[in-house]
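Undergrad: File follows, input.cif with mmCIF, C-alpha atoms:
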data_start
#
loop_
_atom_site.label_atom_id
_atom_site.label_comp_id
_atom_site.auth_asym_id
_atom_site.auth_seq_id
_atom_site.Cartn_x
_atom_site.Cartn_y
_atom_site.Cartn_z
CA MET A 1 -13.76 -10.29 -9.40
CA GLU A 2 -10.57 -10.04 -11.39
CA ASP A 3 -9.11 -7.62 -8.84
CA LEU A 4 -9.57 -10.14 -6.08
CA ALA A 5 -8.09 -12.96 -8.11
CA CYS A 6 -5.03 -10.79 -8.43
CA LEU A 7 -4.73 -10.52 -4.70
CA ARG A 8 -4.78 -14.23 -4.30
CA ALA A 9 -1.72 -14.48 -6.49
CA VAL A 10 0.36 -11.64 -5.13
CA PRO A 11 1.22 -12.95 -1.71
CA LEU A 12 2.61 -16.05 -3.35
CA MET A 13 4.88 -14.14 -5.69
CA ALA A 14 7.59 -13.92 -3.06
CA VAL A 15 7.35 -16.96 -0.88
CA PRO A 16 10.39 -16.96 1.43
CA GLY A 17 11.15 -20.62 0.84
CA THR A 18 11.55 -20.05 -2.89
CA GLU A 19 14.46 -17.65 -2.55
CA PRO A 20 17.78 -18.84 -4.00
CA LYS A 21 20.40 -19.00 -1.24
CA SER A 22 23.37 -18.54 -3.55
CA GLY A 23 24.25 -17.53 -7.07
CA PRO A 24 23.35 -14.33 -8.90
CA ASP A 25 19.77 -14.41 -7.64
CA ALA A 26 20.66 -15.02 -4.00
CA GLY A 27 18.06 -13.54 -1.72
CA ARG A 28 15.70 -12.75 -4.54
CA SER A 29 12.24 -14.20 -4.49
CA ARG A 30 11.04 -16.21 -7.42
CA PRO A 31 7.59 -15.89 -8.88
CA ASP A 32 5.38 -18.90 -8.74
CA SER A 33 4.99 -19.36 -12.45
CA ASN A 34 1.64 -21.10 -12.02
CA LEU A 35 0.17 -18.11 -10.27
CA ILE A 36 1.56 -15.11 -12.11
CA PRO A 37 -0.79 -15.52 -15.08
CA GLY A 38 -3.72 -15.33 -12.69
CA ILE A 39 -2.77 -11.78 -11.82
CA ALA A 40 -3.30 -10.25 -15.12
CA ILE A 41 -5.84 -11.78 -17.42
CA ARG A 42 -8.07 -8.73 -17.42
CA GLY A 43 -5.88 -6.38 -15.41
CA ARG A 44 -3.21 -6.79 -18.03
CA ALA A 45 -5.62 -5.90 -20.80
CA ALA A 46 -6.59 -2.70 -18.99
CA LEU A 47 -2.95 -1.82 -18.39
CA ARG A 48 -2.08 -2.38 -22.03
CA LYS A 49 -4.96 -0.16 -23.05
CA ALA A 50 -3.59 2.42 -20.62
CA ARG A 51 -0.25 2.17 -22.36
CA THR A 52 -1.79 3.41 -25.59
CA VAL A 53 -3.36 6.31 -23.67
CA VAL A 54 -0.30 7.46 -21.75
CA ALA A 55 2.42 6.67 -24.30
CA ASP A 56 2.63 10.27 -25.51
CA GLN A 57 1.98 11.78 -22.06
CA ILE A 58 4.99 10.36 -20.20
CA GLU A 59 6.81 13.67 -19.80
CA ALA A 60 3.64 15.44 -18.67
CA ILE A 61 3.04 12.75 -16.05
CA LEU A 62 6.64 13.03 -14.86
CA ASP A 63 6.23 16.81 -14.65
CA VAL A 64 3.33 16.30 -12.22
CA TRP A 65 5.24 13.77 -10.14
CA TYR A 66 8.42 15.83 -10.06
CA GLY A 67 6.35 18.86 -9.13
CA PHE A 68 5.02 16.86 -6.20
CA VAL A 69 8.46 15.65 -5.11
CA GLY A 70 9.96 19.10 -5.61
CA GLY A 71 7.18 20.64 -3.53
CA THR A 72 7.52 18.11 -0.73
CA PRO A 73 10.62 18.93 1.33
CA HIS A 74 10.88 15.58 3.07
CA LEU A 75 10.91 13.81 -0.31
CA LEU A 76 13.15 16.27 -2.15
CA ALA A 77 15.63 15.83 0.71
CA TYR A 78 16.54 12.38 -0.62
CA PHE A 79 18.03 14.00 -3.72
CA VAL A 80 20.05 16.62 -1.83
CA ASP A 81 23.84 16.47 -1.93
CA PRO A 82 25.01 17.06 1.67
CA ALA A 83 28.13 18.84 0.38
CA THR A 84 26.09 21.57 -1.32
CA SER A 85 22.72 21.27 0.48
CA GLN A 86 21.19 21.49 -3.01
CA PRO A 87 19.20 18.89 -4.96
CA ASN A 88 21.46 16.98 -7.35
CA GLY A 89 20.10 17.72 -10.82
CA ASP A 90 21.94 14.86 -12.47
CA TYR A 91 20.54 12.42 -9.91
CA LEU A 92 17.01 13.77 -10.38
CA ALA A 93 17.40 13.47 -14.15
CA ALA A 94 18.71 9.89 -14.00
CA VAL A 95 15.84 8.81 -11.75
CA ARG A 96 13.35 10.63 -13.98
CA LYS A 97 14.53 8.68 -17.00
CA ARG A 98 14.02 5.38 -15.17
CA PHE A 99 10.68 6.58 -13.81
CA GLY A 100 9.44 7.18 -17.35
CA GLN A 101 10.51 3.70 -18.38
CA TRP A 102 8.79 2.35 -15.26
CA ILE A 103 5.45 3.80 -16.43
CA ILE A 104 5.85 1.96 -19.71
CA ASP A 105 6.96 -1.25 -17.99
CA THR A 106 4.01 -1.09 -15.59
CA CYS A 107 1.61 -0.80 -18.50
CA ALA A 108 3.39 -3.57 -20.41
CA ALA A 109 2.55 -5.85 -17.46
CA ASN A 110 5.03 -8.56 -18.35
CA TYR A 111 5.26 -10.42 -15.07
CA ASP A 112 8.30 -12.51 -15.89
CA ASP A 113 11.40 -13.31 -13.87
CA ALA A 114 13.19 -10.20 -15.13
CA TRP A 115 10.29 -8.02 -14.03
CA LEU A 116 10.27 -9.56 -10.57
CA ALA A 117 14.03 -9.23 -10.19
CA TYR A 118 13.76 -5.57 -11.17
CA GLN A 119 11.13 -4.97 -8.49
CA GLU A 120 13.62 -6.29 -5.96
CA GLU A 121 16.25 -3.95 -7.39
CA ILE A 122 13.90 -0.95 -7.14
CA GLY A 123 13.37 -1.75 -3.46
CA ARG A 124 17.11 -1.96 -2.88
CA ARG A 125 17.66 1.39 -4.59
CA HIS A 126 15.46 3.08 -1.99
CA HIS A 127 16.84 1.15 0.99
CA ARG A 128 20.26 1.73 2.55
CA VAL A 129 21.59 -1.46 0.95
CA GLY A 130 21.43 0.11 -2.49
CA LYS A 131 20.49 3.79 -2.45
CA ASN A 132 22.81 6.12 -4.43
CA LYS A 133 24.88 3.24 -5.81
CA THR A 134 23.30 3.00 -9.26
CA ASP A 135 23.98 6.67 -9.97
CA GLY A 136 27.14 6.99 -7.88
CA VAL A 137 25.79 10.02 -6.07
CA SER A 138 26.20 11.55 -2.64
CA ALA A 139 22.77 11.88 -1.02
CA PRO A 140 20.90 10.63 2.07
CA PRO A 141 21.52 6.89 2.35
CA HIS A 142 18.01 5.57 2.98
CA ILE A 143 14.36 6.30 2.28
CA PRO A 144 12.05 5.00 5.03
CA MET A 145 9.55 2.38 3.99
CA ARG A 146 6.56 4.51 4.98
CA HIS A 147 7.57 7.11 2.39
CA LEU A 148 7.95 4.51 -0.31
CA LEU A 149 4.57 2.90 0.36
CA ALA A 150 2.77 6.22 0.75
CA LEU A 151 3.79 7.20 -2.79
CA VAL A 152 1.19 4.74 -4.04
CA VAL A 153 -1.47 7.39 -3.39
CA PRO A 154 -0.12 10.26 -5.51
CA ILE A 155 1.05 7.85 -8.21
CA SER A 156 -2.48 6.49 -8.32
CA VAL A 157 -4.49 9.69 -7.90
CA THR A 158 -2.54 11.77 -10.40
CA MET A 159 -2.77 9.16 -13.15
CA LYS A 160 -6.53 9.28 -13.57
CA PRO A 161 -6.76 12.57 -15.52
CA PHE A 162 -4.12 11.30 -17.95
CA LEU A 163 -6.06 8.08 -18.47
CA ALA A 164 -9.16 10.13 -19.26
CA LYS A 165 -7.45 12.32 -21.88
CA GLN A 166 -8.38 10.27 -24.92
CA GLY A 167 -12.12 10.31 -24.30
CA HIS A 168 -12.64 6.73 -23.18
CA ALA A 169 -15.93 5.94 -21.46
CA PRO A 170 -15.86 6.51 -17.67
CA ALA A 171 -16.11 2.78 -17.03
CA GLU A 172 -13.07 2.18 -19.24
CA VAL A 173 -11.13 4.92 -17.48
CA ASP A 174 -12.12 3.44 -14.12
CA ALA A 175 -10.95 -0.01 -15.21
CA MET A 176 -7.61 1.32 -16.44
CA HIS A 177 -7.19 3.33 -13.27
CA ALA A 178 -8.07 0.38 -11.01
CA ALA A 179 -5.58 -1.83 -12.84
CA TRP A 180 -2.91 0.88 -12.60
CA THR A 181 -3.50 1.41 -8.86
CA LYS A 182 -3.46 -2.31 -8.19
CA SER A 183 -0.21 -2.78 -10.07
CA VAL A 184 1.45 0.15 -8.30
CA LEU A 185 0.48 -1.19 -4.89
CA LEU A 186 1.64 -4.69 -5.76
CA GLN A 187 4.97 -3.35 -6.92
CA ALA A 188 5.35 -1.18 -3.81
CA ILE A 189 4.78 -4.28 -1.70
CA LEU A 190 7.58 -6.03 -3.55
CA TRP A 191 9.81 -2.97 -3.04
CA SER A 192 9.26 -3.22 0.71
CA ARG A 193 10.99 -6.57 1.04
CA PRO A 194 14.49 -5.24 1.91
CA TYR A 195 12.93 -3.29 4.79
CA THR A 196 11.37 -6.20 6.61
CA LYS A 197 12.72 -8.40 9.37
CA ASP A 198 13.79 -11.91 8.42
CA GLY A 199 10.70 -14.04 8.04
CA ASP A 200 8.28 -11.12 8.29
CA PHE A 201 7.77 -10.21 4.62
CA MET B 1 -4.65 18.43 -4.52
CA GLU B 2 -6.00 17.43 -1.12
CA ASP B 3 -4.86 13.86 -1.71
CA LEU B 4 -1.29 14.97 -2.14
CA ALA B 5 -1.37 17.20 0.94
CA CYS B 6 -2.36 14.12 2.84
CA LEU B 7 0.71 12.31 1.65
CA ARG B 8 2.96 15.04 2.86
CA ALA B 9 1.60 14.54 6.35
CA VAL B 10 1.57 10.78 6.57
CA PRO B 11 5.24 10.00 6.57
CA LEU B 12 5.60 12.37 9.48
CA MET B 13 2.95 10.64 11.54
CA ALA B 14 5.47 8.12 12.78
CA VAL B 15 8.82 9.83 12.90
CA PRO B 16 11.24 7.46 14.61
CA GLY B 17 12.71 10.17 16.82
CA THR B 18 9.34 10.88 18.34
CA GLU B 19 8.86 7.41 19.77
CA PRO B 20 8.79 7.20 23.57
CA LYS B 21 11.62 4.96 24.79
CA SER B 22 9.91 3.95 28.02
CA GLY B 23 6.56 4.05 29.74
CA PRO B 24 3.24 2.68 28.51
CA ASP B 25 3.77 4.07 25.00
CA ALA B 26 7.31 2.74 24.59
CA GLY B 27 8.04 2.02 20.98
CA ARG B 28 4.88 3.67 19.75
CA SER B 29 5.12 6.55 17.35
CA ARG B 30 3.44 9.79 18.20
CA PRO B 31 1.52 11.84 15.69
CA ASP B 32 2.85 15.27 14.87
CA SER B 33 -0.14 17.23 16.05
CA ASN B 34 0.69 20.10 13.72
CA LEU B 35 0.48 17.85 10.69
CA ILE B 36 -2.40 15.52 11.41
CA PRO B 37 -5.07 18.14 10.65
CA GLY B 38 -3.50 18.59 7.23
CA ILE B 39 -4.42 15.02 6.37
CA ALA B 40 -8.08 15.38 6.49
CA ILE B 41 -9.58 18.76 5.73
CA ARG B 42 -11.44 17.49 2.69
CA GLY B 43 -10.61 13.80 2.98
CA ARG B 44 -12.28 13.77 6.36
CA ALA B 45 -15.42 15.38 4.97
CA ALA B 46 -15.64 12.71 2.27
CA LEU B 47 -15.10 9.94 4.82
CA ARG B 48 -17.80 11.33 7.08
CA LYS B 49 -20.18 11.49 4.16
CA ALA B 50 -19.24 7.85 3.46
CA ARG B 51 -20.16 7.03 7.03
CA THR B 52 -23.73 8.09 6.40
CA VAL B 53 -23.79 5.93 3.27
CA VAL B 54 -22.34 2.74 4.73
CA ALA B 55 -23.77 2.95 8.27
CA ASP B 56 -26.61 0.54 7.51
CA GLN B 57 -24.52 -1.63 5.14
CA ILE B 58 -21.82 -2.79 7.59
CA GLU B 59 -22.94 -6.42 7.72
CA ALA B 60 -23.30 -6.60 3.93
CA ILE B 61 -19.77 -5.24 3.51
CA LEU B 62 -18.43 -7.74 6.03
CA ASP B 63 -20.24 -10.51 4.16
CA VAL B 64 -18.28 -9.58 1.02
CA TRP B 65 -14.97 -9.40 2.85
CA TYR B 66 -15.56 -12.63 4.75
CA GLY B 67 -16.56 -14.26 1.49
CA PHE B 68 -13.22 -13.19 0.08
CA VAL B 69 -11.23 -14.42 3.08
CA GLY B 70 -13.23 -17.65 3.20
CA GLY B 71 -12.59 -18.21 -0.51
CA THR B 72 -8.88 -17.52 -0.24
CA PRO B 73 -7.16 -20.52 1.35
CA HIS B 74 -3.92 -18.75 2.23
CA LEU B 75 -5.90 -16.10 4.15
CA LEU B 76 -8.43 -18.42 5.76
CA ALA B 77 -5.46 -20.45 7.01
CA TYR B 78 -4.70 -17.75 9.58
CA PHE B 79 -7.97 -18.55 11.33
CA VAL B 80 -7.45 -22.33 11.39
CA ASP B 81 -6.95 -24.10 14.70
CA PRO B 82 -4.04 -26.53 14.17
CA ALA B 83 -5.65 -28.99 16.62
CA THR B 84 -8.76 -29.40 14.45
CA SER B 85 -7.52 -28.16 11.04
CA GLN B 86 -10.79 -26.20 10.92
CA PRO B 87 -11.38 -22.45 10.92
CA ASN B 88 -12.15 -21.22 14.43
CA GLY B 89 -15.65 -19.76 14.23
CA ASP B 90 -15.35 -17.86 17.51
CA TYR B 91 -12.11 -16.24 16.32
CA LEU B 92 -13.66 -15.31 12.96
CA ALA B 93 -16.66 -13.82 14.76
CA ALA B 94 -14.53 -11.79 17.19
CA VAL B 95 -12.44 -10.37 14.35
CA ARG B 96 -15.58 -9.64 12.35
CA LYS B 97 -17.02 -7.57 15.18
CA ARG B 98 -13.83 -5.48 15.36
CA PHE B 99 -13.72 -5.23 11.55
CA GLY B 100 -17.21 -3.70 11.55
CA GLN B 101 -16.18 -1.16 14.16
CA TRP B 102 -13.06 -0.43 12.09
CA ILE B 103 -15.22 0.58 9.12
CA ILE B 104 -17.02 3.06 11.35
CA ASP B 105 -13.78 4.32 12.89
CA THR B 106 -12.19 4.76 9.46
CA CYS B 107 -15.12 6.89 8.34
CA ALA B 108 -15.09 8.85 11.61
CA ALA B 109 -11.54 9.90 10.71
CA ASN B 110 -10.59 11.06 14.18
CA TYR B 111 -6.81 11.12 13.90
CA ASP B 112 -6.04 11.49 17.56
CA ASP B 113 -3.51 9.76 19.79
CA ALA B 114 -5.93 6.95 20.58
CA TRP B 115 -6.49 6.31 16.89
CA LEU B 116 -2.76 6.16 16.21
CA ALA B 117 -2.13 3.86 19.17
CA TYR B 118 -4.86 1.56 17.89
CA GLN B 119 -3.24 1.40 14.44
CA GLU B 120 -0.08 0.16 16.15
CA GLU B 121 -2.17 -2.42 18.02
CA ILE B 122 -3.79 -3.62 14.77
CA GLY B 123 -0.32 -4.15 13.30
CA ARG B 124 0.76 -6.12 16.36
CA ARG B 125 -2.34 -8.32 16.17
CA HIS B 126 -1.26 -9.50 12.70
CA HIS B 127 2.42 -9.87 13.57
CA ARG B 128 3.92 -12.67 15.68
CA VAL B 129 4.33 -10.25 18.60
CA GLY B 130 0.59 -10.05 19.09
CA LYS B 131 -1.37 -12.42 16.88
CA ASN B 132 -3.94 -14.65 18.68
CA LYS B 133 -3.37 -12.96 22.05
CA THR B 134 -6.39 -10.64 22.02
CA ASP B 135 -8.77 -13.53 21.46
CA GLY B 136 -6.75 -16.18 23.28
CA VAL B 137 -6.93 -18.53 20.31
CA SER B 138 -4.76 -21.25 18.84
CA ALA B 139 -3.98 -20.37 15.22
CA PRO B 140 -0.95 -19.64 12.99
CA PRO B 141 1.26 -17.20 14.85
CA HIS B 142 2.03 -14.63 12.14
CA ILE B 143 0.57 -13.06 9.00
CA PRO B 144 3.28 -11.94 6.55
CA MET B 145 3.41 -8.24 5.80
CA ARG B 146 2.78 -8.75 2.10
CA HIS B 147 -0.62 -10.28 2.88
CA LEU B 148 -1.56 -7.42 5.18
CA LEU B 149 -0.60 -4.72 2.66
CA ALA B 150 -2.20 -6.53 -0.27
CA LEU B 151 -5.57 -6.45 1.50
CA VAL B 152 -5.72 -2.75 0.66
CA VAL B 153 -6.86 -3.68 -2.85
CA PRO B 154 -9.96 -5.78 -2.03
CA ILE B 155 -10.86 -3.46 0.86
CA SER B 156 -10.73 -0.58 -1.59
CA VAL B 157 -12.26 -2.18 -4.67
CA THR B 158 -15.18 -3.82 -2.91
CA MET B 159 -16.23 -0.64 -1.11
CA LYS B 160 -17.14 1.35 -4.20
CA PRO B 161 -20.50 -0.31 -4.96
CA PHE B 162 -21.58 0.26 -1.36
CA LEU B 163 -20.64 3.93 -1.57
CA ALA B 164 -22.76 4.25 -4.71
CA LYS B 165 -25.87 2.68 -3.16
CA GLN B 166 -27.54 5.91 -2.05
CA GLY B 167 -27.53 7.54 -5.48
CA HIS B 168 -24.81 10.13 -4.96
CA ALA B 169 -23.36 11.72 -8.09
CA PRO B 170 -20.43 9.80 -9.60
CA ALA B 171 -18.01 12.57 -8.62
CA GLU B 172 -19.18 12.33 -5.01
CA VAL B 173 -18.84 8.55 -5.04
CA ASP B 174 -15.36 8.92 -6.53
CA ALA B 175 -14.37 11.39 -3.82
CA MET B 176 -15.66 9.14 -1.05
CA HIS B 177 -13.93 6.16 -2.60
CA ALA B 178 -10.63 8.00 -3.03
CA ALA B 179 -10.72 9.16 0.60
CA TRP B 180 -11.56 5.62 1.73
CA THR B 181 -8.74 4.07 -0.31
CA LYS B 182 -6.25 6.65 0.90
CA SER B 183 -7.18 6.08 4.52
CA VAL B 184 -6.96 2.30 4.19
CA LEU B 185 -3.50 2.52 2.62
CA LEU B 186 -2.31 4.96 5.27
CA GLN B 187 -3.55 2.67 8.01
CA ALA B 188 -1.97 -0.39 6.38
CA ILE B 189 1.33 1.48 6.32
CA LEU B 190 1.02 2.12 10.05
CA TRP B 191 0.18 -1.56 10.58
CA SER B 192 3.43 -2.54 8.86
CA ARG B 193 5.64 -0.96 11.52
CA PRO B 194 6.15 -4.09 13.66
CA TYR B 195 7.40 -5.91 10.55
CA THR B 196 10.25 -3.57 9.67
CA LYS B 197 13.88 -3.62 10.67
CA ASP B 198 15.00 -1.08 13.27
CA GLY B 199 15.35 2.28 11.58
CA ASP B 200 13.76 1.15 8.33
CA PHE B 201 10.13 2.09 8.88
#
Produce structure tokens that represent the structure in this file.
TA:
Amino acid sequence: MEDLACLRAVPLMAVPGTEPKSGPDAGRSRPDSNLIPGIAIRGRAALRKARTVVADQIEAILDVWYGFVGGTPHLLAYFVDPATSQPNGDYLAAVRKRFGQWIIDTCAANYDDAWLAYQEEIGRRHHRVGKNKTDGVSAPPHIPMRHLLALVVPISVTMKPFLAKQGHAPAEVDAMHAAWTKSVLLQAILWSRPYTKDGDF
Amino acid sequence: MEDLACLRAVPLMAVPGTEPKSGPDAGRSRPDSNLIPGIAIRGRAALRKARTVVADQIEAILDVWYGFVGGTPHLLAYFVDPATSQPNGDYLAAVRKRFGQWIIDTCAANYDDAWLAYQEEIGRRHHRVGKNKTDGVSAPPHIPMRHLLALVVPISVTMKPFLAKQGHAPAEVDAMHAAWTKSVLLQAILWSRPYTKDGDF
């Protein structure tokens, strides 16, 4: 029942009333430090095992994901420079570098304040409030929330073969994959915060 | 790669520009009828196989889910009548009946206009614009979006043992489970529409 225990904690990770109203963290939700550890007792172990499996497969995983984005016109469009109508290679490369680090961070499963603040930042970088700013690029200004949330499926589905590459028992692969999928969904939920109406998140 | 083809279709199921501005469907997204079939060619087959597996297990599945909701105070709270501070049994029963039908509908995988309109209605029934109205009950007026989306995990995780109950090969169970999980996430995304800022969904 570890997966369900996780779910009990998640909704409380970003309680509206806990958001600082001013200062450097204004508008950012704070984790409930009593609940975060409940997320991860066994899920974290599975993710950290996954880290040892995928550590030397990061570029191969990114190749699959970039192949998917590159083959999906409505996703590739968010990397296109309107001045040239071509995908911006520097932008794609900068995002790819962060995406690789994100795999490692997801498997590290350190649910501290810095991690939570970075989830908020990832959301902002897809929403019109922050898209293109980190890399200083010219590209479409906003990725709709439905696209962001829907990415959970390919990011989950495509990971399983990589988790199976080191010959772990099927039950171990399943546990790593379930923990991965859960973490990706939980993060995508946190990324959706800038998209929601006041009081609705 | 059927799972990825699905993802290409989903974001286009609710293109803002296709929403009727007036009439009985005002504000509701319309499916792109050219893309919907692309969702389901093999995913639909797996879901329909799942239907034969779970058809006589609906009440047992609902027992697990209601056990989870009943054991999760911040979810059970949405069924509590503020006048009595007790969960409203009639409300829980009415929702349970619809939840059972939803399992069957999800496995039927008929992605027609009626299905899409009902996804919008499910979203509204969790959001302050529609919660409590269908059943005419007194209960908290709004379920935050993060709770709604997070339910994808228990609704996915808990289904797998039921899909395995008829002795299908592990690969068949995996395929049914992947199709189930994908469909649940896609539906949860559609349910999130009433929560998003104008132009952000």
Undergrad: Please produce, as a tab-separated table, a per-residue contact table for chain B versus chain A (criterion: any atom at most 9 Å away, all atoms listed in the file considered), showing the nearest atom pair and its distance in Å to one decimal, sorted by chain then residue number.
TA:
residue	atom	partner	partner_atom	distance
B:Asp3	CA	A:Pro154	CA	7.1
B:Leu4	CA	A:Pro154	CA	5.9
B:Leu7	CA	A:Ala150	CA	6.5
B:Arg8	CA	A:Thr72	CA	6.6
B:Val10	CA	A:Ala150	CA	7.5
B:Pro11	CA	A:His147	CA	5.6
B:Leu12	CA	A:His74	CA	8.9
B:Ala14	CA	A:Arg146	CA	8.7
B:Phe68	CA	A:Leu4	CA	7.8
B:Thr72	CA	A:Arg8	CA	6.6
B:Pro73	CA	A:Arg8	CA	8.8
B:His74	CA	A:Arg8	CA	8.0
B:Leu75	CA	A:Arg8	CA	8.7
B:His127	CA	A:Asp200	CA	8.0
B:Arg128	CA	A:Asp200	CA	8.7
B:His142	CA	A:Asp200	CA	8.1
B:Ile143	CA	A:Asp200	CA	8.0
B:Pro144	CA	A:Phe201	CA	5.2
B:Met145	CA	A:Phe201	CA	4.9
B:Arg146	CA	A:Phe201	CA	5.8
B:His147	CA	A:Pro11	CA	5.6
B:Leu149	CA	A:Ile189	CA	6.9
B:Ala150	CA	A:Leu7	CA	6.5
B:Leu151	CA	A:Leu7	CA	7.5
B:Val152	CA	A:Leu185	CA	8.5
B:Val153	CA	A:Lys182	CA	6.5
B:Pro154	CA	A:Leu4	CA	6.0
B:Val157	CA	A:Asp3	CA	7.5
B:Ala178	CA	A:Val157	CA	8.0
B:Thr181	CA	A:Val153	CA	8.6
B:Lys182	CA	A:Val153	CA	6.5
B:Leu185	CA	A:Ala150	CA	7.5
B:Leu186	CA	A:Ala150	CA	6.9
B:Ile189	CA	A:Arg146	CA	6.2
B:Leu190	CA	A:Arg146	CA	7.9
B:Ser192	CA	A:Arg146	CA	8.6
B:Arg193	CA	A:Arg146	CA	8.6
B:Pro194	CA	A:Lys197	CA	9.0
B:Tyr195	CA	A:Thr196	CA	5.6
B:Thr196	CA	A:Thr196	CA	4.2
B:Lys197	CA	A:Lys197	CA	5.1
B:Asp198	CA	A:Lys197	CA	8.6
B:Gly199	CA	A:Pro144	CA	7.8
B:Asp200	CA	A:Pro144	CA	5.4
B:Phe201	CA	A:Met145	CA	4.9
Undergrad: When you look at Gly89 of chain A with a cut-off of 12 Å (counting all atoms listed in the file), what residues show up, excluding the ones that are within fewer than 5 positions of it in the same chain? I need them as a PyMOL selection string.
TA: chain A and resi 66+70+76+79-81+84+94-96+135+137-139
Undergrad: Those residues with C-alpha atoms, as a CSV table (one decimal), in the coordinates of the input please?
TA:
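Result saved to out13.csv:
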chain,number,residue,atom,x,y,z
A,66,TYR,CA,8.4,15.8,-10.1
A,70,GLY,CA,10.0,19.1,-5.6
A,76,LEU,CA,13.2,16.3,-2.2
A,79,PHE,CA,18.0,14.0,-3.7
A,80,VAL,CA,20.0,16.6,-1.8
A,81,ASP,CA,23.8,16.5,-1.9
A,84,THR,CA,26.1,21.6,-1.3
A,94,ALA,CA,18.7,9.9,-14.0
A,95,VAL,CA,15.8,8.8,-11.8
A,96,ARG,CA,13.4,10.6,-14.0
A,135,ASP,CA,24.0,6.7,-10.0
A,137,VAL,CA,25.8,10.0,-6.1
A,138,SER,CA,26.2,11.6,-2.6
A,139,ALA,CA,22.8,11.9,-1.0
Undergrad: Carefully work through the PyMOL selection byres ((chain A and resi 98) around 12) for this structure and note down the residues it includes, as a ChimeraX atom specification.
TA: /A:58-59,62,91-97,99-106,118,122,125,134-135
Undergrad: Any chance you could work out the residue set of the PyMOL selection byres ((chain A and resi 42-50) around 7) here, as JSON, numbers by chain?
TA: {"A": [2, 40, 41, 51, 52, 53, 54, 107, 108, 109, 163, 175, 176, 179, 180]}
